[in-house]
Amino acid sequence: MNKMEHKSKSTKGDILEDCLKDILTSIEPSQNDLVNGIGAINELIDVILSISKDAILKPYGSYVADLQSKWSDFDFSIDGLRSTPCFRHGDKQEALRLVNAALERTGIARNIRFIPEARVPLISYESKQYNISCDITIDNHAAQIKSKILNKINELDSRFKDLVLLVKEWANAQNINDAKSGTLNTYSLTLLVIHHLQTCDPPILPPLSKIYKGNLHVDVAEHSNDPTLVLEQLIAHRYMPKCELEQRILEICDKNIAKLKSQTYRPINRSSLSQLLLSFFNKFSCIDELAKDNMINVFRGRLKGKPFEKILLSHLPPNSNISYDLLIEDPFHHSENTARVVGPYDLIKISNAFKKTNNKLSSPQILSNRNALLSILARPGLYSELMAQERNSGNLNRGEASNEVQHQMEYLGTINII
């Protein structure tokens with residue numbers, strides 16, 4: 001029996017499972033993608049070194065978290081570019097102006113956007129030679145550690161990574177993965193997946209407080225006179241190098257993850273990837289109703305009542321007339337709402353995408369139709385690619401990446417450039 005004959009005899013669950021595997025295979029970065037990524041890194045190193053020989057380029061984001069696809073941008077923090085040990089917000093902006101000028105002078109970038117007014121000031125650009133989008137921030141220590149902690153969650157269950165990649169691809173196909181237009185950023189989608197895996201029966205992931213119980217943003221705060229720091233943290237901040245503080249935090253996470261993995265008495269959730277994805281869409285098919293009275297809190301691993309919103313707004317002036325339509329608390333910065341850009345009409349759009357997908361995937365006809373499934377779960381370009389592959393050479397087998405590709409992946413995830 002050949003592969004296509006086998007698919008025709010597959011059950012509905014098998015058809016969906018096969019579709020998910022094919023999507024994951026197709027969005028995995030190729031060797032050429034990774035080589036281009038290294039090229040983009042090296043050209044940025046030259047730009048940074050033209051400004052300061054003491055600067056260090058550090059990656060964070062999806063590649064460090066091991067949640068990358070071939071569509072993923074590169075995120076970089078430039079550490080050590082500023083000249084004194086304590087800085088104001090404006091000094092980051094000034095440092096980025098130097099980077100912006102260097103990018104324009106060297107001519108390696110196009111579509112350069114300097115966004116100094118952002119909560120985290122950044123530069124966004126595309127590499128002319130490698131066609132890769134990159135974001136640059138300054139001394140973004142918390143983001144670097146956050147990415148490494150997300151990477152460590154993969155150690156608890158590999159389905160986490162697969163589900164994140166599938167949800168990101170689906171959200172792109174549904175046009176709800178664009179914070180600039182008021183929908184969900186990739187980090188919020190990742191937190192929705194974590195919440196789902198925390199609230200399955202039995203749970204697959206623990207509350208993130210079981211991995212790191214501190215407030216990461218506070219623990220690596222940049223201002224030594226930050227009034228939110230308790231004495232012990234203040235002392236650690238003043239006298240502990242950032243690299244040593246990061247190492248200590250990650251050691252705590254490693255210890256807690258090892259403890260969680262050793263708890264063999266915990267019930268095991270054996271749901272397949274397709275079952276988890278279906279239950280994900282079902283769980284959030286009423287996200288608009290859920291958002292009326294609740295906020296999603298993956299730090300505690302549960303929903304919290306909307307009155308908790310007051311804590312998220314505590315940093316604003318008392319007369320600020322601000323409320324959030326969707327609340328997803330950042331587990332590493334407890335006063336931040338990662339879905340703060342979502343407005344009432346955006347929430348309707350997001351909710352409709354979940355509802356329509358859940359309804360379609362509840363249909364036996366859809367679940368037995370590979371083409372229909374791919375049209376729902378994959379963006380149009382990927383859908384066409386998968387259909388062409390099936391016509392020309394059958395379905396791809398997952399896991400065929402060469403040792404060289406794996407080596408490149410490890411390099412991109414751990415690079416620390418001086």
# chains A, B, ... in the order shown; residues from 1 in each chain; ligands from 1

call {"tool": "residues_around", "arguments": {"residues": "region 114-121 of chain A", "least_positions_apart": "5", "cutoff": "8 Å", "atoms": "only C-alpha atoms", "output": "PyMOL selection string"}}
result
chain A and resi 92-93+96-97+100+137-138

call {"tool": "residues_around", "arguments": {"residues": "region 258-274 of chain A", "least_positions_apart": "3", "cutoff": "6 Å", "atoms": "only C-alpha atoms", "output": "list of chain:residue names"}}
result
A:Glu17, A:Pro202, A:Lys255, A:Leu277

call {"tool": "atom_distance", "arguments": {"atom1": "CA of Ile149 (chain A)", "atom2": "CA of Ile296 (chain A)"}}
result
19.1 Å

call {"tool": "closest_atom_pairs", "arguments": {"of": "region 10-58 of chain A", "to": "region 160-183 of chain A", "cutoff": "9 Å", "atoms": "only C-alpha atoms", "output": "CSV"}}
result
residue,atom,partner,partner_atom,distance
A:Leu20,CA,A:Leu166,CA,7.3
A:Ile23,CA,A:Leu166,CA,7.6
A:Leu24,CA,A:Leu166,CA,7.1
A:Ile27,CA,A:Leu165,CA,8.4

call {"tool": "write_last_selection", "arguments": {"atoms": "all heavy atoms", "output": "compact mmCIF listing (two decimals), in the first residue's frame"}}
result
# COMPACT_ATOMS: atom_id res chain seq x y z
N LEU A 20 -1.21 18.18 10.42
CA LEU A 20 -0.42 18.95 11.37
C LEU A 20 1.06 18.64 11.22
O LEU A 20 1.91 19.54 11.27
CB LEU A 20 -0.89 18.66 12.80
CG LEU A 20 -2.36 18.97 13.11
CD1 LEU A 20 -2.64 18.73 14.59
CD2 LEU A 20 -2.73 20.39 12.71
N ILE A 23 2.33 20.40 8.12
CA ILE A 23 2.50 21.84 8.36
C ILE A 23 3.78 22.09 9.13
O ILE A 23 4.59 22.97 8.77
CB ILE A 23 1.28 22.41 9.11
CG1 ILE A 23 0.05 22.43 8.20
CG2 ILE A 23 1.58 23.82 9.62
CD1 ILE A 23 -1.23 22.80 8.92
N LEU A 24 4.00 21.32 10.18
CA LEU A 24 5.20 21.50 11.00
C LEU A 24 6.47 21.27 10.19
O LEU A 24 7.46 21.98 10.35
CB LEU A 24 5.15 20.57 12.22
CG LEU A 24 4.13 20.93 13.29
CD1 LEU A 24 3.97 19.81 14.30
CD2 LEU A 24 4.52 22.23 13.99
N ILE A 27 7.02 24.39 7.77
CA ILE A 27 7.38 25.69 8.35
C ILE A 27 8.70 25.63 9.10
O ILE A 27 9.19 26.66 9.57
CB ILE A 27 6.28 26.22 9.29
CG1 ILE A 27 6.10 25.33 10.53
CG2 ILE A 27 4.97 26.39 8.54
CD1 ILE A 27 5.08 25.87 11.52

call {"tool": "closest_residue", "arguments": {"among": "A:Glu155, A:Glu390, A:Asp219, A:Asp135", "to": "Leu205 (chain A)", "atoms": "only C-alpha atoms"}}
result
A:Glu155

call {"tool": "atom_distance", "arguments": {"atom1": "CA of Leu122 (chain A)", "atom2": "CA of Glu94 (chain A)"}}
result
11.0 Å

call {"tool": "select_by_dssp", "arguments": {"residues": "region 42-82 of chain A", "states": "helix (DSSP H, G or I)", "output": "ChimeraX atom specification"}}
result
/A:42-49,62-65

call {"tool": "residues_around", "arguments": {"residues": "region 344-361 of chain A", "least_positions_apart": "4", "cutoff": "6 Å", "atoms": "only C-alpha atoms", "output": "compact mmCIF listing (two decimals) with C-alpha atoms, in the first residue's frame"}}
result
# COMPACT_ATOMS: atom_id res chain seq x y z
CA GLY A 182 -4.81 45.48 17.06
CA THR A 183 -4.83 41.69 17.16
CA PHE A 281 -10.04 25.99 19.62
CA ASN A 282 -12.98 24.77 21.65
CA SER A 285 -14.25 29.69 20.99
CA ILE A 287 -12.87 34.12 24.28
CA ASP A 288 -15.00 37.27 24.06
CA ASP A 325 -10.87 44.32 26.43
